[in-house]
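Quick look at work-v4.cif (mmCIF, C-alpha atoms and all ligand atoms):
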```cif
data_protein
loop_
_atom_site.label_atom_id
_atom_site.label_comp_id
_atom_site.auth_asym_id
_atom_site.auth_seq_id
_atom_site.Cartn_x
_atom_site.Cartn_y
_atom_site.Cartn_z
CA MET A 1 62.09 127.23 157.91
CA GLY A 2 62.66 126.66 154.18
CA TRP A 3 62.71 129.57 151.76
CA GLN A 4 59.32 128.58 150.34
CA ASP A 5 57.78 128.82 153.83
CA GLU A 6 59.48 132.14 154.42
CA LEU A 7 58.26 133.41 151.07
CA GLY A 8 54.76 132.28 152.00
CA ARG A 9 54.85 134.66 154.96
CA SER A 10 55.40 137.67 152.68
CA VAL A 11 52.96 140.54 152.86
CA ARG A 12 50.58 140.30 149.91
CA THR A 13 47.54 142.32 151.00
CA VAL A 14 47.11 145.94 152.03
CA GLU A 15 45.33 144.72 155.16
CA ALA A 16 48.44 142.77 156.19
CA LEU A 17 50.67 145.68 155.22
CA ALA A 18 48.72 148.03 157.51
CA ALA A 19 49.84 145.94 160.49
CA HIS A 20 53.42 146.98 159.71
CA LEU A 21 52.97 150.42 158.18
CA PRO A 22 50.13 152.35 159.80
CA MET A 23 47.55 153.76 157.35
CA ASP A 24 43.96 154.89 157.60
CA ASP A 25 40.98 153.15 155.99
CA ALA A 26 40.83 155.55 153.05
CA GLU A 27 44.47 154.91 152.17
CA LYS A 28 43.95 151.18 152.61
CA ALA A 29 41.08 151.29 150.14
CA ARG A 30 43.05 153.31 147.59
CA LEU A 31 46.15 151.12 147.78
CA GLY A 32 44.02 148.00 147.75
CA GLU A 33 42.68 149.01 144.33
CA ILE A 34 46.20 149.46 143.02
CA ALA A 35 47.33 146.10 144.43
CA GLU A 36 44.43 144.44 142.61
CA ARG A 37 45.76 145.82 139.33
CA TYR A 38 49.48 145.33 139.99
CA PRO A 39 50.19 142.63 142.57
CA MET A 40 52.04 143.40 145.77
CA ALA A 41 54.45 141.05 147.51
CA ILE A 42 56.96 142.22 150.11
CA THR A 43 59.19 139.76 151.92
CA LEU A 44 59.39 140.23 155.67
CA TYR A 45 63.11 140.80 155.28
CA TYR A 46 62.61 143.70 152.83
CA LEU A 47 59.77 145.07 154.94
CA SER A 48 62.20 145.22 157.88
CA LEU A 49 64.34 147.70 155.90
CA ILE A 50 61.49 150.24 155.65
CA ASP A 51 61.34 153.11 158.13
CA PRO A 52 57.66 152.98 159.17
CA ASP A 53 57.76 156.60 160.33
CA ASP A 54 58.84 157.99 156.98
CA PRO A 55 56.14 158.08 154.31
CA ASP A 56 58.81 159.00 151.75
CA ASP A 57 61.21 156.24 152.73
CA PRO A 58 63.07 155.14 149.56
CA ILE A 59 62.78 151.43 150.38
CA ARG A 60 59.05 151.91 150.89
CA ARG A 61 58.74 153.62 147.51
CA MET A 62 60.14 150.55 145.77
CA ALA A 63 57.89 148.09 147.62
CA VAL A 64 54.57 149.67 148.60
CA PRO A 65 51.88 150.46 146.00
CA SER A 66 51.29 154.10 145.21
CA GLU A 67 48.17 155.82 143.94
CA ALA A 68 50.30 157.23 141.12
CA GLU A 69 50.34 153.75 139.57
CA ALA A 70 46.76 154.35 138.42
CA ARG A 71 47.91 156.98 135.91
CA LEU A 72 47.55 155.60 132.42
CA THR A 73 50.21 157.53 130.58
CA GLY A 74 53.12 155.50 129.20
CA SER A 75 53.48 152.11 127.57
CA PHE A 76 53.77 148.52 128.77
CA ASP A 77 56.47 147.64 126.27
CA THR A 78 58.91 150.51 125.97
CA SER A 79 61.87 148.67 124.47
CA GLY A 80 60.23 146.46 121.86
CA GLU A 81 60.15 143.20 123.84
CA MET A 82 57.17 141.84 121.88
CA HIS A 83 58.89 142.58 118.59
CA ASN A 84 62.10 140.84 119.71
CA THR A 85 60.36 137.68 120.91
CA VAL A 86 61.41 134.82 118.66
CA LEU A 87 59.53 132.10 120.52
CA ASP A 88 57.56 131.82 123.74
CA GLY A 89 59.80 133.17 126.50
CA LEU A 90 62.85 133.98 124.37
CA GLN A 91 63.88 137.40 123.10
CA HIS A 92 66.70 137.87 120.60
CA LYS A 93 67.22 141.61 120.29
CA TYR A 94 71.01 141.73 119.98
CA SER A 95 72.67 139.04 117.86
CA GLN A 96 75.03 137.84 120.61
CA THR A 97 72.49 137.67 123.46
CA GLY A 98 69.48 135.48 124.12
CA MET A 99 67.14 136.68 126.86
CA MET A 100 64.82 134.16 128.43
CA LEU A 101 61.73 134.95 130.50
CA SER A 102 61.93 131.92 132.79
CA THR A 103 59.09 132.84 135.17
CA ASN A 104 56.64 135.65 135.84
CA THR A 105 57.06 135.53 139.61
CA CYS A 106 59.32 137.49 141.95
CA SER A 107 59.82 137.46 145.70
CA MET A 108 59.04 141.17 145.75
CA TYR A 109 57.09 143.04 143.11
CA CYS A 110 59.07 146.23 142.62
CA ARG A 111 56.74 149.13 142.05
CA HIS A 112 59.10 150.46 139.36
CA CYS A 113 59.29 147.20 137.41
CA PHE A 114 59.48 147.67 133.64
CA ARG A 115 57.79 144.31 133.14
CA LYS A 116 54.80 145.45 135.16
CA ARG A 117 52.61 144.08 132.39
CA LEU A 118 53.45 140.52 133.42
CA VAL A 119 55.12 140.13 136.82
CA GLY A 120 52.74 138.39 139.18
CA LEU A 121 50.07 138.46 136.46
CA SER A 122 50.20 136.78 133.09
CA ASN A 123 52.55 133.95 132.24
CA ASP A 124 51.71 134.22 128.52
CA GLU A 125 55.20 135.50 127.70
CA VAL A 126 57.07 133.00 129.87
CA ALA A 127 58.94 130.06 128.32
CA ARG A 128 56.69 127.03 128.57
CA GLN A 129 59.23 124.60 127.24
CA ALA A 130 62.87 124.97 128.17
CA ASP A 131 63.51 122.50 125.31
CA ALA A 132 62.53 125.04 122.65
CA VAL A 133 64.69 127.76 124.20
CA VAL A 134 67.72 125.49 124.50
CA ALA A 135 67.23 124.27 120.92
CA TYR A 136 67.02 127.84 119.57
CA VAL A 137 70.18 128.91 121.40
CA ALA A 138 72.00 125.76 120.29
CA ALA A 139 71.03 126.46 116.67
CA HIS A 140 72.24 130.09 116.70
CA ALA A 141 76.01 130.16 116.97
CA ALA A 142 76.04 133.97 117.07
CA ILE A 143 74.50 133.84 120.56
CA ASN A 144 77.45 133.80 122.94
CA ASN A 145 75.55 134.44 126.16
CA VAL A 146 72.11 133.86 127.58
CA LEU A 147 70.41 135.96 130.23
CA VAL A 148 67.97 133.87 132.25
CA SER A 149 65.52 136.47 133.48
CA GLY A 150 61.87 136.79 134.45
CA GLY A 151 60.33 137.73 136.83
CA ASP A 152 63.15 136.61 139.02
CA ALA A 153 65.22 133.70 137.74
CA LEU A 154 65.92 132.44 141.27
CA LEU A 155 62.20 132.06 141.95
CA ASN A 156 62.32 128.95 139.76
CA SER A 157 62.59 125.72 141.71
CA ASN A 158 66.00 124.15 142.19
CA ALA A 159 64.99 121.29 139.89
CA GLN A 160 63.99 123.71 137.12
CA LEU A 161 67.20 125.68 137.53
CA GLU A 162 69.41 122.62 137.45
CA ASP A 163 67.66 121.33 134.34
CA LEU A 164 67.75 124.63 132.45
CA LEU A 165 71.22 125.81 133.46
CA GLY A 166 72.64 122.32 133.04
CA ARG A 167 71.38 122.11 129.47
CA LEU A 168 72.50 125.61 128.54
CA ALA A 169 75.92 124.80 129.99
CA THR A 170 76.42 122.08 127.39
CA ILE A 171 76.14 124.56 124.48
CA GLU A 172 79.67 125.11 123.34
CA HIS A 173 79.28 128.51 121.70
CA LEU A 174 78.01 130.09 124.92
CA ASP A 175 80.77 131.96 126.74
CA PHE A 176 78.69 132.39 129.88
CA ILE A 177 75.18 132.39 131.31
CA ARG A 178 73.75 135.33 133.22
CA ILE A 179 71.17 134.88 135.95
CA GLY A 180 68.93 137.94 136.41
CA THR A 181 67.68 138.13 139.98
CA ARG A 182 66.82 140.63 142.70
CA VAL A 183 66.84 137.87 145.31
CA PRO A 184 70.14 138.94 146.95
CA VAL A 185 68.58 142.37 147.59
CA VAL A 186 65.02 141.53 148.59
CA PHE A 187 65.11 137.89 149.74
CA PRO A 188 68.69 136.86 150.58
CA SER A 189 67.66 133.69 152.42
CA ARG A 190 66.74 132.17 149.02
CA ILE A 191 70.52 131.96 148.59
CA VAL A 192 72.07 131.71 152.03
CA GLY A 193 69.30 129.46 153.35
CA ASP A 194 69.49 126.92 150.53
CA GLN A 195 72.72 124.97 150.23
CA ALA A 196 71.11 122.84 147.52
CA LEU A 197 70.83 125.92 145.29
CA LEU A 198 74.47 126.82 145.91
CA ASP A 199 75.46 123.23 145.07
CA ILE A 200 73.55 123.46 141.76
CA LEU A 201 75.22 126.75 140.88
CA ALA A 202 78.61 125.20 141.71
CA ARG A 203 77.93 122.19 139.47
CA VAL A 204 76.87 124.39 136.53
CA GLN A 205 79.73 126.80 137.13
CA ALA A 206 82.16 123.87 136.82
CA LYS A 207 80.94 123.46 133.21
CA LYS A 208 80.12 127.01 132.13
CA GLN A 209 80.89 130.42 133.57
CA LEU A 210 77.91 131.91 135.38
CA MET A 211 77.33 135.54 136.25
CA LEU A 212 74.70 136.89 138.61
CA VAL A 213 73.09 140.17 137.58
CA THR A 214 71.25 141.89 140.38
CA GLN A 215 69.65 145.25 141.15
CA PHE A 216 70.63 147.22 144.24
CA ASN A 217 69.14 150.71 143.96
CA HIS A 218 69.80 152.25 147.37
CA PRO A 219 72.72 152.02 149.82
CA ARG A 220 70.36 150.88 152.62
CA GLU A 221 69.75 147.70 150.63
CA ILE A 222 73.36 146.73 151.33
CA THR A 223 73.01 144.90 154.64
CA GLY A 224 74.74 142.02 156.39
CA GLN A 225 72.18 139.63 154.87
CA SER A 226 72.32 140.92 151.31
CA ALA A 227 76.13 141.09 151.42
CA GLY A 228 76.10 137.51 152.77
CA ALA A 229 74.05 136.33 149.78
CA VAL A 230 76.43 138.10 147.41
CA ARG A 231 79.46 136.57 149.10
CA ALA A 232 77.97 133.06 149.01
CA VAL A 233 77.64 133.36 145.23
CA GLN A 234 81.05 134.97 144.78
CA ALA A 235 82.63 132.13 146.80
CA LEU A 236 81.64 129.81 143.93
CA GLY A 237 83.67 131.90 141.48
CA ILE A 238 80.52 133.55 140.10
CA PRO A 239 80.87 137.32 139.64
CA VAL A 240 78.00 139.51 140.84
CA VAL A 241 77.26 142.66 138.83
CA ASN A 242 74.67 145.36 139.43
CA GLN A 243 72.15 147.09 137.20
CA ALA A 244 70.61 149.94 139.16
CA VAL A 245 67.68 152.02 137.92
CA LEU A 246 67.69 155.78 138.42
CA LEU A 247 64.51 156.36 140.41
CA ARG A 248 62.82 159.52 141.64
CA GLY A 249 62.69 159.54 145.43
CA VAL A 250 65.07 156.59 145.72
CA ASN A 251 68.51 157.40 144.31
CA ASP A 252 67.99 160.70 142.42
CA ASP A 253 70.70 162.31 144.48
CA ALA A 254 74.43 162.28 143.73
CA GLY A 255 75.31 161.51 147.36
CA VAL A 256 72.91 158.55 147.53
CA LEU A 257 73.91 157.17 144.14
CA GLY A 258 77.58 157.67 144.99
CA ASP A 259 77.15 155.85 148.32
CA LEU A 260 75.40 153.02 146.49
CA MET A 261 78.31 152.59 144.09
CA ARG A 262 80.89 152.75 146.89
CA GLY A 263 78.87 150.27 148.93
CA LEU A 264 78.65 147.88 145.98
CA THR A 265 82.37 147.97 145.24
CA GLY A 266 82.91 147.45 148.97
CA ILE A 267 81.20 144.05 148.74
CA GLY A 268 82.88 143.15 145.47
CA VAL A 269 79.87 143.86 143.23
CA LEU A 270 80.77 145.54 139.96
CA PRO A 271 78.48 148.49 139.14
CA TYR A 272 77.61 147.66 135.57
CA TYR A 273 74.74 149.88 134.48
CA VAL A 274 72.55 152.65 135.81
CA PHE A 275 69.43 152.50 133.68
CA GLN A 276 67.21 155.39 132.83
CA CYS A 277 63.76 154.46 134.18
CA ARG A 278 61.54 153.54 131.24
CA PRO A 279 58.28 155.34 130.42
CA VAL A 280 56.22 152.40 131.65
CA THR A 281 52.55 152.80 132.45
CA GLY A 282 52.14 152.92 136.22
CA VAL A 283 55.82 153.83 136.65
CA LYS A 284 56.90 156.81 134.55
CA THR A 285 55.01 159.63 136.22
CA HIS A 286 56.43 159.10 139.69
CA PHE A 287 59.75 157.30 139.13
CA GLN A 288 61.31 158.84 136.01
CA VAL A 289 64.01 161.46 136.38
CA PRO A 290 64.50 163.85 133.41
CA LEU A 291 67.58 163.09 131.33
CA ARG A 292 69.36 166.38 131.94
CA GLU A 293 68.89 166.03 135.67
CA GLY A 294 69.88 162.37 135.45
CA ILE A 295 73.20 162.98 133.73
CA ALA A 296 74.08 165.67 136.29
CA ILE A 297 73.37 163.22 139.14
CA VAL A 298 75.33 160.43 137.48
CA GLN A 299 78.33 162.61 136.72
CA ALA A 300 78.46 163.97 140.27
CA ALA A 301 78.10 160.45 141.71
CA LYS A 302 80.92 159.22 139.47
CA ALA A 303 83.17 162.03 140.64
CA ALA A 304 83.20 160.49 144.12
CA GLN A 305 84.29 157.03 142.91
CA ASN A 306 87.53 155.31 142.16
CA GLY A 307 87.96 153.80 138.68
CA VAL A 308 86.02 150.64 139.52
CA GLY A 309 83.13 152.55 141.08
CA LYS A 310 82.81 154.80 138.04
CA SER A 311 82.94 151.96 135.52
CA PHE A 312 79.15 151.83 135.13
CA ARG A 313 77.36 153.24 132.10
CA TYR A 314 74.23 155.37 132.30
CA CYS A 315 72.02 153.78 129.64
CA MET A 316 68.59 153.80 128.13
CA SER A 317 67.10 150.54 126.80
CA HIS A 318 65.53 151.92 123.68
CA VAL A 319 63.66 150.08 120.93
CA THR A 320 66.63 150.68 118.63
CA GLY A 321 69.31 149.59 121.10
CA LYS A 322 71.05 150.35 124.34
CA LEU A 323 71.93 154.02 124.28
CA GLU A 324 74.64 155.30 126.57
CA ILE A 325 73.79 158.79 127.82
CA LEU A 326 77.16 160.52 127.69
CA GLY A 327 76.49 164.13 128.65
CA MET A 328 75.53 167.57 127.45
CA ALA A 329 76.92 168.58 124.06
CA GLY A 330 75.58 172.13 124.21
CA PRO A 331 73.11 174.16 126.26
CA GLU A 332 70.19 171.92 125.19
CA GLU A 333 71.82 169.09 123.24
CA MET A 334 72.72 165.74 124.72
CA LEU A 335 75.30 163.28 123.42
CA PHE A 336 74.38 159.60 123.11
CA GLN A 337 76.20 156.52 121.84
CA TYR A 338 74.88 153.14 120.74
CA HIS A 339 76.35 150.69 123.26
CA GLU A 340 74.19 147.90 121.80
CA ALA A 341 72.19 148.18 118.60
CA VAL A 342 69.41 146.20 116.94
CA ASP A 343 70.93 147.30 113.63
CA SER A 344 74.59 146.36 114.13
CA GLY A 345 75.58 149.17 111.76
CA ASN A 346 74.68 151.60 114.53
CA LEU A 347 77.04 150.07 117.10
CA GLY A 348 79.31 152.70 118.57
CA ARG A 349 77.58 155.53 116.73
CA LEU A 350 77.47 158.87 118.47
CA PHE A 351 74.61 161.29 117.98
CA THR A 352 73.21 164.39 119.60
CA ARG A 353 69.63 165.26 120.20
CA PRO A 354 67.93 168.34 121.65
CA VAL A 355 66.55 167.37 125.05
CA ALA A 356 64.08 169.61 126.87
CA THR A 357 64.47 170.20 130.59
CA GLU A 358 61.66 167.82 131.61
CA GLN A 359 62.25 165.24 128.88
CA ALA A 360 62.95 161.77 130.26
CA TRP A 361 63.10 159.57 127.14
CA LEU A 362 63.97 159.65 123.44
CA ASP A 363 61.05 158.76 121.27
CA GLU A 364 62.93 158.52 118.01
CA PRO A 365 66.72 158.58 118.15
CA VAL A 366 68.22 160.48 115.23
CA LEU A 367 71.15 158.69 113.66
CA ILE A 368 74.11 160.47 112.13
CA ASP A 369 73.21 159.68 108.56
CA SER A 370 69.46 159.39 108.79
S1 LIG B 1 62.55 141.59 140.74
FE1 LIG B 1 62.88 142.39 138.65
S2 LIG B 1 61.25 141.48 137.39
FE2 LIG B 1 60.67 141.24 139.57
S3 LIG B 1 59.38 143.01 140.03
FE3 LIG B 1 61.48 143.55 140.62
S4 LIG B 1 62.33 144.58 138.80
FE4 LIG B 1 60.48 143.44 138.12
#
```
The structure in this file should be written as structure tokens.
Amino acid sequence: MGWQDELGRSVRTVEALAAHLPMDDAEKARLGEIAERYPMAITLYYLSLIDPDDPDDPIRRMAVPSEAEARLTGSFDTSGEMHNTVLDGLQHKYSQTGMMLSTNTCSMYCRHCFRKRLVGLSNDEVARQADAVVAYVAAHAAINNVLVSGGDALLNSNAQLEDLLGRLATIEHLDFIRIGTRVPVVFPSRIVGDQALLDILARVQAKKQLMLVTQFNHPREITGQSAGAVRAVQALGIPVVNQAVLLRGVNDDAGVLGDLMRGLTGIGVLPYYVFQCRPVTGVKTHFQVPLREGIAIVQAAKAAQNGVGKSFRYCMSHVTGKLEILGMAGPEEMLFQYHEAVDSGNLGRLFTRPVATEQAWLDEPVLIDS
């Protein structure tokens, strides 16, 4: 069976889900309403990782709609994506990085997705013409890397990927191209079951360094299949790095987060970031962990790692830049540093900010001299 056929067998309705995870009619009706608003898709592989007897199973939390998604608090664009869009499907927030929305589809619609406004829904923000994106990148020598994202970049067809990656690979000022995908975690057969895709990646890699950026959030996502997908990519000389999201009920525990990092380094995946969950509508109320709790979890998880395992940064993708959350600077003050900055003058700047016990985001970062 090809990956498209396998993807076609994914669970996309609450009725179909109930055959795998028992639920009564009232729950079916409630979750059905949520799935109408925010689409559901769960691959049979990812479904097999869920413990059907545990309503609080962390894998389930990431895949199965929750009534909490109906809460309207939050925002659909928490890090200024609209503002940073320079043409359809291309964001240019930091001078050295171009970020392309290559598709609005994913093999699994993560319930915590920060692009909930578009995944599985609107393709208004997706690049219609790869030509325009390639031309923009080619004309901006300051861009030294492109992140091909989405949706899930590996949900594009092989022909689309070969065309896009092949053209980006000819741009001399690009050091490397990143591919943003959760496929190794939620749908590994897209990689291990498709030699043609691996051949395309090998051909592009021969011209330009590729890097695969994925998102493992829980140690139980590291399986023989997901590790096999990672290894197939690594065998081409393509590094695989991980951007986890700190999620309530999933990895908000130092032991779990520590096991995740150890498991990742054990399969040669570099833990790169742990992101603070954004205050996204339909996400923030049930997935966000307060910052003070978050830094305590991260620091305890790091304590159990070797140097490679603790190399990740705990960051917040803020409208003004990527803020590294460094720690407490007093009983109620937290220390932050601009790891990336929209205003390059802020790069590397340290600042403190009072953070209340339940506070999970910074609305307006205060700069040293502002
Ligand atoms: S794979 Fe990425 S873009 Fe797609 S739903 Fe999950 S987090 Fe969102």
Can you build me a table of chain A residues sitting at most 8 Å from ligand LIG 1 (chain B), with the closest atom pair per residue and its distance in Å to one decimal, using only C-alpha atoms and all ligand atoms, sorted by chain and residue number, as CSV?
```
residue,atom,partner,partner_atom,distance
A:Asn104,CA,B:LIG1,S2,7.6
A:Thr105,CA,B:LIG1,FE2,6.8
A:Cys106,CA,B:LIG1,FE2,4.6
A:Ser107,CA,B:LIG1,S1,7.0
A:Met108,CA,B:LIG1,S3,6.0
A:Tyr109,CA,B:LIG1,S3,3.8
A:Cys110,CA,B:LIG1,FE3,4.1
A:Arg111,CA,B:LIG1,S3,7.0
A:His112,CA,B:LIG1,S4,6.7
A:Cys113,CA,B:LIG1,FE4,4.0
A:Phe114,CA,B:LIG1,FE4,6.2
A:Arg115,CA,B:LIG1,FE4,5.7
A:Lys116,CA,B:LIG1,FE4,6.7
A:Val119,CA,B:LIG1,S3,6.1
A:Ser149,CA,B:LIG1,S2,7.7
A:Gly150,CA,B:LIG1,S2,5.6
A:Gly151,CA,B:LIG1,S2,3.9
A:Asp152,CA,B:LIG1,FE2,5.3
A:Gly180,CA,B:LIG1,FE1,7.8
A:Thr181,CA,B:LIG1,S1,6.2
A:Arg182,CA,B:LIG1,S1,4.8
A:Val183,CA,B:LIG1,S1,7.3
A:Gln215,CA,B:LIG1,S4,7.7
```
With a cut-off of 10 Å, could you pull out the residues of segment 209-237 of chain A touching segment 41-54 of chain A and give me the nearest pair of atoms for each, distance in Å to one decimal, using all atoms listed in the file, ordered by chain and ascending number, as a tab-separated table?
```
residue	atom	partner	partner_atom	distance
A:Arg220	CA	A:Leu49	CA	7.6
A:Glu221	CA	A:Leu49	CA	7.6
A:Thr223	CA	A:Leu49	CA	9.2
A:Gln225	CA	A:Tyr45	CA	9.2
```
One decimal, Å: what's the distance from atom CA of Leu323 of chain A over to atom CA of His339 of chain A, could you say?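 Computed distance, atom CA of Leu323 of chain A to atom CA of His339 of chain A, equals 5.6 Å.
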May I have the protein, DNA and RNA residues with an atom at most 7 Å from (72.0, 142.5, 118.3), counting only C-alpha atoms in the file's coordinates, returned as a PyMOL selection string? chain A and resi 93-96+340-344
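Near segment 280-287 of chain A, within 8 Å and counting only C-alpha atoms, sit A:Ala68, A:Glu69, A:Ala70, A:Arg71, A:Leu72, A:Thr73, A:Gly74, A:Ser75, A:Phe76, A:Asp77, A:Thr78, A:Arg111, A:His112, A:Cys113, A:Phe114, A:Lys116, A:Leu247, A:Arg248, A:Gly249; same-chain residues fewer than 4 positions away were not included.
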Just to confirm, what's the straight-line distance from atom CA of Val204 of chain A to atom CA of Val240 of chain A in Å (one decimal)?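 We find that atom CA of Val204 of chain A and atom CA of Val240 of chain A lie 15.8 Å from each other.
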Between A:Arg37, A:Arg190, A:His173, A:His318, which one has atoms that come closest to Arg278 of chain A, using all atoms listed in the file? A:His318
Computed interatomic separation between atom CA of Gly32 of chain A and atom CA of Glu67 of chain A (Å):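 The value is 9.6 Å.
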Please determine, counting all atoms listed in the file, which residue among A:Ile325, A:Ala296, A:Val319, A:Lys28 has the shortest atom-to-atom distance to Asn84 of chain A. A:Val319
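Distances from A:Arg203, A:Lys302, A:Ala229, A:Ile238 to Asp259 of chain A were compared using only C-alpha atoms, and the smallest one belongs to A:Lys302.
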With distances taken over only C-alpha atoms, the candidate from A:Met261, A:Val14, A:Val230, A:Ile59 nearest Arg30 of chain A is A:Val14
Counting all atoms listed in the file, which residues have an atom no more than 10 Å from (80.2, 131.1, 144.9) in the file's coordinates? Please list them as a PyMOL selection string. chain A and resi 198-199+201-202+205+210+229-240
Pick from A:Val213, A:Ala127, A:Leu7, A:Val192, whichever lies nearest to Ile179 of chain A using all atoms listed in the file: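 Of A:Val213, A:Ala127, A:Leu7, A:Val192, the one nearest Ile179 of chain A is A:Val213, counting all atoms listed in the file.
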Would you please work out which residue, of A:Gly193, A:Ser102, A:Ala142, A:Asn217, is nearest to Gly89 of chain A when using only C-alpha atoms? A:Ser102
Quick one: everything within 9 Å of Glu324 of chain A, counting all atoms listed in the file, minus sequence neighbours fewer than 5 positions away in the same chain. Send it as a ChimeraX atom specification. /A:313-317,335-340
Store the residues picked out above, limited to C-alpha atoms, as a short mmCIF file (atom, residue, chain, number, x, y, z; two decimals), in the coordinates of the input.
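Saved as result.cif:
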```cif
data_model
loop_
_atom_site.label_atom_id
_atom_site.label_comp_id
_atom_site.auth_asym_id
_atom_site.auth_seq_id
_atom_site.Cartn_x
_atom_site.Cartn_y
_atom_site.Cartn_z
CA ARG A 313 77.36 153.24 132.10
CA TYR A 314 74.23 155.37 132.30
CA CYS A 315 72.02 153.78 129.64
CA MET A 316 68.59 153.80 128.13
CA SER A 317 67.10 150.54 126.80
CA LEU A 335 75.30 163.28 123.42
CA PHE A 336 74.38 159.60 123.11
CA GLN A 337 76.20 156.52 121.84
CA TYR A 338 74.88 153.14 120.74
CA HIS A 339 76.35 150.69 123.26
CA GLU A 340 74.19 147.90 121.80
#
```
Fix up segment 200-216 of chain A with N, CA and C atoms, then write it as a PDB file, in the frame of the given file.
```pdb
ATOM      1  N   ILE A 200      73.914 123.476 143.191  1.00  0.00           N
ATOM      2  CA  ILE A 200      73.550 123.460 141.760  1.00  0.00           C
ATOM      3  C   ILE A 200      74.381 124.493 141.003  1.00  0.00           C
ATOM      4  N   LEU A 201      74.447 125.694 141.558  1.00  0.00           N
ATOM      5  CA  LEU A 201      75.220 126.750 140.880  1.00  0.00           C
ATOM      6  C   LEU A 201      76.686 126.316 140.744  1.00  0.00           C
ATOM      7  N   ALA A 202      77.212 125.658 141.777  1.00  0.00           N
ATOM      8  CA  ALA A 202      78.610 125.200 141.710  1.00  0.00           C
ATOM      9  C   ALA A 202      78.788 124.148 140.619  1.00  0.00           C
ATOM     10  N   ARG A 203      77.818 123.243 140.503  1.00  0.00           N
ATOM     11  CA  ARG A 203      77.930 122.190 139.470  1.00  0.00           C
ATOM     12  C   ARG A 203      77.881 122.792 138.064  1.00  0.00           C
ATOM     13  N   VAL A 204      76.967 123.760 137.865  1.00  0.00           N
ATOM     14  CA  VAL A 204      76.870 124.390 136.530  1.00  0.00           C
ATOM     15  C   VAL A 204      78.125 125.209 136.262  1.00  0.00           C
ATOM     16  N   GLN A 205      78.556 125.931 137.272  1.00  0.00           N
ATOM     17  CA  GLN A 205      79.730 126.800 137.130  1.00  0.00           C
ATOM     18  C   GLN A 205      80.975 125.992 136.740  1.00  0.00           C
ATOM     19  N   ALA A 206      81.021 124.725 137.169  1.00  0.00           N
ATOM     20  CA  ALA A 206      82.160 123.870 136.820  1.00  0.00           C
ATOM     21  C   ALA A 206      82.188 123.584 135.311  1.00  0.00           C
ATOM     22  N   LYS A 207      81.011 123.746 134.657  1.00  0.00           N
ATOM     23  CA  LYS A 207      80.940 123.460 133.210  1.00  0.00           C
ATOM     24  C   LYS A 207      80.921 124.738 132.383  1.00  0.00           C
ATOM     25  N   LYS A 208      80.295 125.764 132.903  1.00  0.00           N
ATOM     26  CA  LYS A 208      80.120 127.010 132.130  1.00  0.00           C
ATOM     27  C   LYS A 208      80.127 128.187 133.094  1.00  0.00           C
ATOM     28  N   GLN A 209      80.817 129.236 132.700  1.00  0.00           N
ATOM     29  CA  GLN A 209      80.890 130.420 133.570  1.00  0.00           C
ATOM     30  C   GLN A 209      79.500 131.020 133.781  1.00  0.00           C
ATOM     31  N   LEU A 210      79.161 131.224 135.030  1.00  0.00           N
ATOM     32  CA  LEU A 210      77.910 131.910 135.380  1.00  0.00           C
ATOM     33  C   LEU A 210      78.220 133.332 135.818  1.00  0.00           C
ATOM     34  N   MET A 211      77.224 134.170 135.746  1.00  0.00           N
ATOM     35  CA  MET A 211      77.330 135.540 136.250  1.00  0.00           C
ATOM     36  C   MET A 211      75.971 135.916 136.832  1.00  0.00           C
ATOM     37  N   LEU A 212      75.964 136.495 137.997  1.00  0.00           N
ATOM     38  CA  LEU A 212      74.700 136.890 138.610  1.00  0.00           C
ATOM     39  C   LEU A 212      74.507 138.392 138.432  1.00  0.00           C
ATOM     40  N   VAL A 213      73.389 138.761 137.830  1.00  0.00           N
ATOM     41  CA  VAL A 213      73.090 140.170 137.580  1.00  0.00           C
ATOM     42  C   VAL A 213      71.972 140.583 138.519  1.00  0.00           C
ATOM     43  N   THR A 214      72.272 141.512 139.412  1.00  0.00           N
ATOM     44  CA  THR A 214      71.250 141.890 140.380  1.00  0.00           C
ATOM     45  C   THR A 214      70.946 143.385 140.314  1.00  0.00           C
ATOM     46  N   GLN A 215      70.109 143.849 141.233  1.00  0.00           N
ATOM     47  CA  GLN A 215      69.650 145.250 141.150  1.00  0.00           C
ATOM     48  C   GLN A 215      69.542 145.853 142.554  1.00  0.00           C
ATOM     49  N   PHE A 216      70.664 146.383 143.037  1.00  0.00           N
ATOM     50  CA  PHE A 216      70.630 147.220 144.240  1.00  0.00           C
ATOM     51  C   PHE A 216      70.382 148.647 143.759  1.00  0.00           C
TER      52      PHE A 216
END
```
